[in-house]
Amino acid sequence: MTSGQTQRFALTTPLYYVNDLPHIGSAYTTMAADAIARFHRLQGHEVLLITGTDEHGQKIQRTAEQRDKAPQDHCDEIVAGFEDLWQRLNIQYDRFSRTTSSRHAQIVNEFFQRVWDKGDIYQGHQQGWYCVGCEEFKEERDLLEEKHCPIHKRPVEWRDEQNYFFRLSKYQDDLIKFFADHPDFIQPTSRRNEVLSFVERGLQDFSISRVNLDWGFPVPTDDQHTLYVWFDALLGYVTALLEEDAEATLENAFSQWWPINLHLIGKDILRFHAVYWPAMLMSADLPLPDRVFGHGFLTKDGQKMGKSLGNTLDPVDLVDRYSADAVRYYFLKALEFGRDGDFNETRFIDVVNADLANSLGNLLNRTLKMAVKYCDGRVPEINIQHLPDDHPLAQLGRDAADQVAKAYQSLSFSQACNISLSLVKAGNQFIDEQAPWSLYKQGEQGLVNEILYTVLESVRLSAYLLTPVTPNLSTQIYQQLGFKLDLNVNHGEDGAALHAIHSSWGGLPTNQVLGTPQPVFQKLEPLQAAAP
């Protein structure tokens, strides 16, 4: 990771739909977003991480009615569930955007007026198959047998109504040109190809309003219609850009953090973010975001998760039983981000124990104990400059930070973790081969110091590079190495200077007093009881 001049980085999770409490898929996206945000904060960058909730639409209204609650009360309850889970997962978000806020209504109305004045909204007749779960009209060619939604596997509903439409078709050529000029706008490549195929098939104007729906913002020009959820929800990203005391205007919202550097989403909402959203922004004469990344779906034991199958994975229960760092590590290391991934509890326990308990934790513990015994509980004193150029640990360490930085920048979390862990694996092999316990008995204190220092430095650097994924564990390792630095804290203006030191090989100060050796990561056990 190389430091440079202070820069800004803004990213978003989706604004999650509040028809139910957060599921593991929502947690997955948010863990990834938090890791990216932490990676940039470590470098001293100014970061704005936006998350939040999409709270309007027919599905919300129906769900609230089924629960015998007012829609707003239902939303407030579910939002509290999201906020609780983000806290448990150690998510450091900066803004939580709610589409039911009055400030959001002002942003939506001003944006609507811009697009209206452009002549890109008109009233028309809509007939078609509508999925309430997706809040989207479906083309018949995309439906499964017996008119079922391909995503929700539930029957769609026939609709025949007057609606307001956005002239998406007008922007087909502009979008194709934009995608050609900005090949990295949609990632990964499989998602880009999917969007290009969809656009080249021909774009149809899409409905931005509903009738006979109370739960939502009225269309500014016609209060008999309610704004369709996507035309409202996507603007939640813009509302979140407002400073707390700023008037809710588009000018204020776009003054500091726009354009967003990264929209992180699941592939099921790719079309809305990679086609509808850019076209809406083009219509309003506003700059487009830098990148939209659509990750894959999660399965459990090789099967799609669902309440009807009884195989859902409760993220709150998972964190309570196994810790935030364990959950974050598995989903970001063991699954290739961008592709579909599977959760299997046995594999989860095996991966986390092998890497964090057996490799990283064990190497730190055994080396610290030797440092206490052979070096009076201090970081061994050596001259790092005198290490041979081909020293196996120093060689790995000098290149690791840049390699890991490239991995984080490309959202290759698995690769970032593997590179970080390679330092630990090399350290374990090195200490076994060199046998410092034998050298100590032979009076070779200088060699003992060199071995223990380079191994402890490998552990330190590995922990630092893993900070975006396992912030609590990394901080505990740093404390045992004698640092007062809390890696869970944003160090602001000092971040760049600290990063320059801690991302480089040799950042462990010699003679620093070490902490008391104790296991930093307890091995996971299946069916571990939740803490009281």
# chains A, B, ... in the order shown; residues from 1 in each chain; ligands from 1
>>> residues_around(residues="segment 226-242 of chain A", least_positions_apart="5", cutoff="6 Å", atoms="only C-alpha atoms", output="MDAnalysis selection string")
chainID A and resid 54 57 97 99 104 208:210 216:219 253
>>> closest_atom_pairs(of="segment 410-482 of chain A", to="segment 335-345 of chain A", cutoff="10 Å", atoms="only C-alpha atoms", output="tab-separated table")
residue	atom	partner	partner_atom	distance
A:Ser410	CA	A:Phe337	CA	9.9
A:Leu411	CA	A:Phe337	CA	7.0
A:Ser412	CA	A:Phe337	CA	6.4
A:Phe413	CA	A:Phe337	CA	6.8
A:Ser414	CA	A:Glu336	CA	6.0
A:Gln415	CA	A:Glu336	CA	8.6
>>> closest_atom_pairs(of="segment 22-110 of chain A", to="segment 494-501 of chain A", cutoff="10 Å", atoms="only C-alpha atoms", output="tab-separated table")
residue	atom	partner	partner_atom	distance
A:His40	CA	A:Gly495	CA	9.8
A:Arg41	CA	A:Gly495	CA	7.2
A:Leu42	CA	A:Gly495	CA	6.0
A:Gln43	CA	A:Ala496	CA	5.0
A:Gly44	CA	A:Gly495	CA	4.0
A:His45	CA	A:Ala496	CA	7.5
A:Glu46	CA	A:Gly495	CA	9.9
>>> closest_atom_pairs(of="segment 253-341 of chain A", to="segment 504-527 of chain A", cutoff="10 Å", atoms="only C-alpha atoms", output="JSON lines")
{"residue": "A:Arg321", "atom": "CA", "partner": "A:Leu527", "partner_atom": "CA", "distance": 7.8}
{"residue": "A:Tyr322", "atom": "CA", "partner": "A:Leu524", "partner_atom": "CA", "distance": 6.7}
{"residue": "A:Ser323", "atom": "CA", "partner": "A:Leu524", "partner_atom": "CA", "distance": 9.4}
{"residue": "A:Asp325", "atom": "CA", "partner": "A:Phe521", "partner_atom": "CA", "distance": 9.6}
{"residue": "A:Ala326", "atom": "CA", "partner": "A:Leu524", "partner_atom": "CA", "distance": 8.8}
>>> atom_distance(atom1="atom CA of Val316 of chain A", atom2="atom CA of Val18 of chain A")
16.4 Å
